[in-house]
Amino acid sequence: MRGPLPHENQTSESVDERTHLSNGKLFGEEHDQVQKDISCETSKCSTAGPGQVNCSQYSENKQLFILGCDIDKVLIQRATEANPYPENITFQEVDIMDLTNSSKLFVDFLATHQSAGLFDLTTCFSITMWIHLHHGDQGLMTFLHEIAKRTRYLLIEPQPWKCYKSAVRRMKKLKLPIEWLSLNDLGINKDVVEKIETYLVTECNMEIVQRLGETEWERQLLLLRNISFSSDSCTEKHAAVLK
Ligand SMILES: C[S@@+](CC[C@H](N)C(=O)[O-])C[C@H]1O[C@@H](n2cnc3c(N)ncnc32)[C@H](O)[C@@H]1O
């Protein structure tokens, strides 16, 4: 049986560090911004960016709309109850790997908030390992395709191989079932971070805009841009915001 993985205890500092880009400032102020956060957990990442700005008017007459989603119903309920901007942030239970339901959710959200049919930014913090362990190498690639679709920018924090080993250790310590979890079955393993980056660039039409360094958890943060959707490049304005 495939079970849940025990949660890691991430600090609020690491959340702030990862979300400083998600307040809409990176992407110009000419239209409302629409973002989604995959695996929002209890909302700390989804709301950390907007918390620094006035979500309903992040720039003159422009709004920021965010969809936070997670497979865990209880976490979504908590996030919804604690939502500081219910008009601008929506939390929704969805399994990102259930492609029919997740696509419908994203398309409907975009139709409600923006006619261009694209998210300005998709954030994915600490979820790649979960997907990889539950869905294997092929599932990880399907996931990367899905998150690269319908978004101009992608901010991703791929989990390195040492996280997989710690997850197994944590599960053993907590006496959780681990028979389903065989790291030996994964063809993508020690160089998983590099493989994720290469796949996004070579198979998903993305380019690296900036390597944003490492979090205090020694995980890389990568900002990528989908080259299918935009003629703009990493302009001086973008570079200035990223400094
Ligand atoms: C380690 S937590 C990361 C939470 C948050 N993004 C952060 O970095 O603080 C991983 C999250 O991914 C969610 N998750 C796992 N598989 C998922 C899936 N197939 N679809 C949506 N969310 C998923 C889990 O419920 C959990 O909340």
# chains A, B, ... in the order shown; residues from 1 in each chain; ligands from 1
>>> closest_atom_pairs(of="chain A", to="ligand 1", cutoff="6 Å", atoms="only C-alpha atoms and all ligand atoms", output="tab-separated table")
residue	atom	partner	partner_atom_place_in_ligand_line	distance
A:His7	CA	ligand 1	1 (C)	5.8
A:Glu8	CA	ligand 1	1 (C)	5.9
A:Ser39	CA	ligand 1	12 (O)	4.1
A:Cys40	CA	ligand 1	6 (N)	4.8
A:Glu41	CA	ligand 1	27 (O)	3.8
A:Asp70	CA	ligand 1	22 (N)	3.7
A:Ile71	CA	ligand 1	21 (C)	4.0
A:Asp72	CA	ligand 1	25 (O)	4.7
A:Val94	CA	ligand 1	21 (C)	5.8
A:Asp95	CA	ligand 1	20 (N)	3.7
A:Ile96	CA	ligand 1	20 (N)	4.0
A:Met97	CA	ligand 1	19 (N)	5.1
A:Phe125	CA	ligand 1	8 (O)	4.1
A:Ser126	CA	ligand 1	8 (O)	4.6
A:Ile127	CA	ligand 1	10 (C)	4.8
A:Trp130	CA	ligand 1	15 (C)	5.4
A:Ile131	CA	ligand 1	16 (N)	5.7
>>> closest_atom_pairs(of="segment 65-162 of chain A", to="segment 212-216 of chain A", cutoff="12 Å", atoms="only C-alpha atoms", output="JSON lines")
{"residue": "A:Phe125", "atom": "CA", "partner": "A:Thr215", "partner_atom": "CA", "distance": 10.9}
{"residue": "A:Ser126", "atom": "CA", "partner": "A:Thr215", "partner_atom": "CA", "distance": 11.2}
{"residue": "A:Leu155", "atom": "CA", "partner": "A:Leu212", "partner_atom": "CA", "distance": 9.5}
{"residue": "A:Ile156", "atom": "CA", "partner": "A:Leu212", "partner_atom": "CA", "distance": 10.1}
{"residue": "A:Glu157", "atom": "CA", "partner": "A:Thr215", "partner_atom": "CA", "distance": 8.9}
{"residue": "A:Pro158", "atom": "CA", "partner": "A:Glu214", "partner_atom": "CA", "distance": 10.7}
{"residue": "A:Gln159", "atom": "CA", "partner": "A:Thr215", "partner_atom": "CA", "distance": 11.2}
{"residue": "A:Pro160", "atom": "CA", "partner": "A:Glu214", "partner_atom": "CA", "distance": 11.5}
>>> write_last_selection(atoms="C-alpha atoms", output="JSON list (two decimals), in the first residue's frame")
[["chain", "number", "residue", "atom", "x", "y", "z"],
["A", 125, "PHE", "CA", 7.92, 23.80, -3.57],
["A", 126, "SER", "CA", 9.02, 20.45, -2.20],
["A", 155, "LEU", "CA", 9.44, 28.54, -9.84],
["A", 156, "ILE", "CA", 10.49, 25.06, -8.76],
["A", 157, "GLU", "CA", 12.37, 23.63, -5.82],
["A", 158, "PRO", "CA", 13.36, 20.12, -6.91],
["A", 159, "GLN", "CA", 14.15, 17.76, -4.06],
["A", 160, "PRO", "CA", 17.62, 16.17, -4.23]]
>>> select_by_dssp(residues="segment 55-138 of chain A", states="strand (DSSP E)", output="list in words")
Leu64, Phe65, Ile66, Leu67, Gly68, Cys69, Asp70, Ile89, Thr90, Phe91, Gln92, Glu93, Phe119, Asp120, Leu121, Thr122, Thr123, Cys124 and Phe125 of chain A
>>> closest_atom_pairs(of="segment 149-223 of chain A", to="segment 30-34 of chain A", cutoff="12 Å", atoms="only C-alpha atoms", output="tab-separated table")
residue	atom	partner	partner_atom	distance
A:Arg150	CA	A:Val34	CA	11.0
A:Thr151	CA	A:Val34	CA	9.4
A:Arg152	CA	A:Val34	CA	10.3
A:Tyr153	CA	A:Val34	CA	11.0
>>> write_last_selection(atoms="C-alpha atoms", output="PDB file, in the first residue's frame")
ATOM      1  CA  ARG A 150      -0.321  26.933 -19.220  1.00  0.00           C
ATOM      2  CA  THR A 151       2.235  29.007 -17.339  1.00  0.00           C
ATOM      3  CA  ARG A 152       4.577  31.767 -18.360  1.00  0.00           C
ATOM      4  CA  TYR A 153       6.970  31.221 -15.470  1.00  0.00           C
TER       5      TYR A 153
END
>>> residues_around(residues="Gln210 of chain A", least_positions_apart="4", cutoff="8 Å", atoms="only C-alpha atoms", output="ChimeraX atom specification")
/A:222-224
>>> closest_residue(among="A:Phe229, A:Tyr85, A:Phe65, A:Tyr164", to="Val193 of chain A", atoms="only C-alpha atoms")
A:Tyr164
>>> select_by_dssp(residues="segment 77-228 of chain A", states="alpha helix (DSSP H)", output="ChimeraX atom specification")
/A:77-81,99-113,128-148,161-173,192-203
>>> write_last_selection(atoms="C-alpha atoms", output="PDB file, in the first residue's frame")
ATOM      1  CA  GLN A  77      -9.732  22.910   4.695  1.00  0.00           C
ATOM      2  CA  ARG A  78      -7.247  24.508   7.125  1.00  0.00           C
ATOM      3  CA  ALA A  79      -5.863  26.740   4.393  1.00  0.00           C
ATOM      4  CA  THR A  80      -9.358  27.859   3.441  1.00  0.00           C
ATOM      5  CA  GLU A  81     -10.259  28.668   7.037  1.00  0.00           C
ATOM      6  CA  LEU A  99      -4.918  14.975 -15.216  1.00  0.00           C
ATOM      7  CA  THR A 100      -8.597  15.233 -16.111  1.00  0.00           C
ATOM      8  CA  ASN A 101      -9.623  16.891 -12.854  1.00  0.00           C
ATOM      9  CA  SER A 102      -6.542  19.050 -12.411  1.00  0.00           C
ATOM     10  CA  SER A 103      -6.730  20.344 -16.012  1.00  0.00           C
ATOM     11  CA  LYS A 104     -10.384  21.213 -15.549  1.00  0.00           C
ATOM     12  CA  LEU A 105      -9.615  23.048 -12.316  1.00  0.00           C
ATOM     13  CA  PHE A 106      -6.836  25.097 -13.953  1.00  0.00           C
ATOM     14  CA  VAL A 107      -8.776  25.894 -17.117  1.00  0.00           C
ATOM     15  CA  ASP A 108     -11.846  26.951 -15.119  1.00  0.00           C
ATOM     16  CA  PHE A 109      -9.760  29.117 -12.777  1.00  0.00           C
ATOM     17  CA  LEU A 110      -8.096  30.835 -15.719  1.00  0.00           C
ATOM     18  CA  ALA A 111     -11.419  31.362 -17.458  1.00  0.00           C
ATOM     19  CA  THR A 112     -12.745  33.066 -14.339  1.00  0.00           C
ATOM     20  CA  HIS A 113      -9.761  35.309 -13.791  1.00  0.00           C
ATOM     21  CA  THR A 128       8.885  16.509  -6.847  1.00  0.00           C
ATOM     22  CA  MET A 129       9.993  13.703  -4.520  1.00  0.00           C
ATOM     23  CA  TRP A 130       6.403  12.949  -3.487  1.00  0.00           C
ATOM     24  CA  ILE A 131       5.356  12.607  -7.097  1.00  0.00           C
ATOM     25  CA  HIS A 132       8.433  10.572  -7.997  1.00  0.00           C
ATOM     26  CA  LEU A 133       8.008   8.122  -5.122  1.00  0.00           C
ATOM     27  CA  HIS A 134       4.306   7.595  -5.769  1.00  0.00           C
ATOM     28  CA  HIS A 135       4.313   7.611  -9.584  1.00  0.00           C
ATOM     29  CA  GLY A 136       7.830   6.532 -10.605  1.00  0.00           C
ATOM     30  CA  ASP A 137      10.083   8.001 -13.298  1.00  0.00           C
ATOM     31  CA  GLN A 138       7.317   8.226 -15.878  1.00  0.00           C
ATOM     32  CA  GLY A 139       5.016   9.942 -13.384  1.00  0.00           C
ATOM     33  CA  LEU A 140       7.677  12.507 -12.557  1.00  0.00           C
ATOM     34  CA  MET A 141       8.000  13.373 -16.256  1.00  0.00           C
ATOM     35  CA  THR A 142       4.226  13.608 -16.662  1.00  0.00           C
ATOM     36  CA  PHE A 143       4.156  15.933 -13.655  1.00  0.00           C
ATOM     37  CA  LEU A 144       6.872  18.161 -15.160  1.00  0.00           C
ATOM     38  CA  HIS A 145       4.886  18.406 -18.396  1.00  0.00           C
ATOM     39  CA  GLU A 146       1.777  19.367 -16.491  1.00  0.00           C
ATOM     40  CA  ILE A 147       3.402  22.096 -14.411  1.00  0.00           C
ATOM     41  CA  ALA A 148       5.143  23.556 -17.467  1.00  0.00           C
ATOM     42  CA  TRP A 161      18.313  12.480  -3.693  1.00  0.00           C
ATOM     43  CA  LYS A 162      19.290  12.954  -0.068  1.00  0.00           C
ATOM     44  CA  CYS A 163      15.661  13.973   0.649  1.00  0.00           C
ATOM     45  CA  TYR A 164      14.527  10.569  -0.597  1.00  0.00           C
ATOM     46  CA  LYS A 165      16.880   8.854   1.799  1.00  0.00           C
ATOM     47  CA  SER A 166      15.742  11.023   4.695  1.00  0.00           C
ATOM     48  CA  ALA A 167      12.104  10.280   3.822  1.00  0.00           C
ATOM     49  CA  VAL A 168      12.788   6.541   4.067  1.00  0.00           C
ATOM     50  CA  ARG A 169      14.622   7.058   7.373  1.00  0.00           C
ATOM     51  CA  ARG A 170      11.742   9.168   8.767  1.00  0.00           C
ATOM     52  CA  MET A 171       9.181   6.590   7.727  1.00  0.00           C
ATOM     53  CA  LYS A 172      11.132   3.770   9.348  1.00  0.00           C
ATOM     54  CA  LYS A 173      11.480   5.800  12.539  1.00  0.00           C
ATOM     55  CA  VAL A 192      17.444  13.800  -9.976  1.00  0.00           C
ATOM     56  CA  VAL A 193      17.763  17.597  -9.711  1.00  0.00           C
ATOM     57  CA  GLU A 194      19.844  17.815 -12.891  1.00  0.00           C
ATOM     58  CA  LYS A 195      17.459  15.422 -14.676  1.00  0.00           C
ATOM     59  CA  ILE A 196      14.453  17.541 -13.727  1.00  0.00           C
ATOM     60  CA  GLU A 197      16.135  20.683 -15.005  1.00  0.00           C
ATOM     61  CA  THR A 198      17.215  19.003 -18.254  1.00  0.00           C
ATOM     62  CA  TYR A 199      13.763  17.569 -18.844  1.00  0.00           C
ATOM     63  CA  LEU A 200      12.044  20.922 -18.352  1.00  0.00           C
ATOM     64  CA  VAL A 201      14.421  22.555 -20.823  1.00  0.00           C
ATOM     65  CA  THR A 202      14.612  19.863 -23.490  1.00  0.00           C
ATOM     66  CA  GLU A 203      11.100  18.396 -23.372  1.00  0.00           C
TER      67      GLU A 203
END
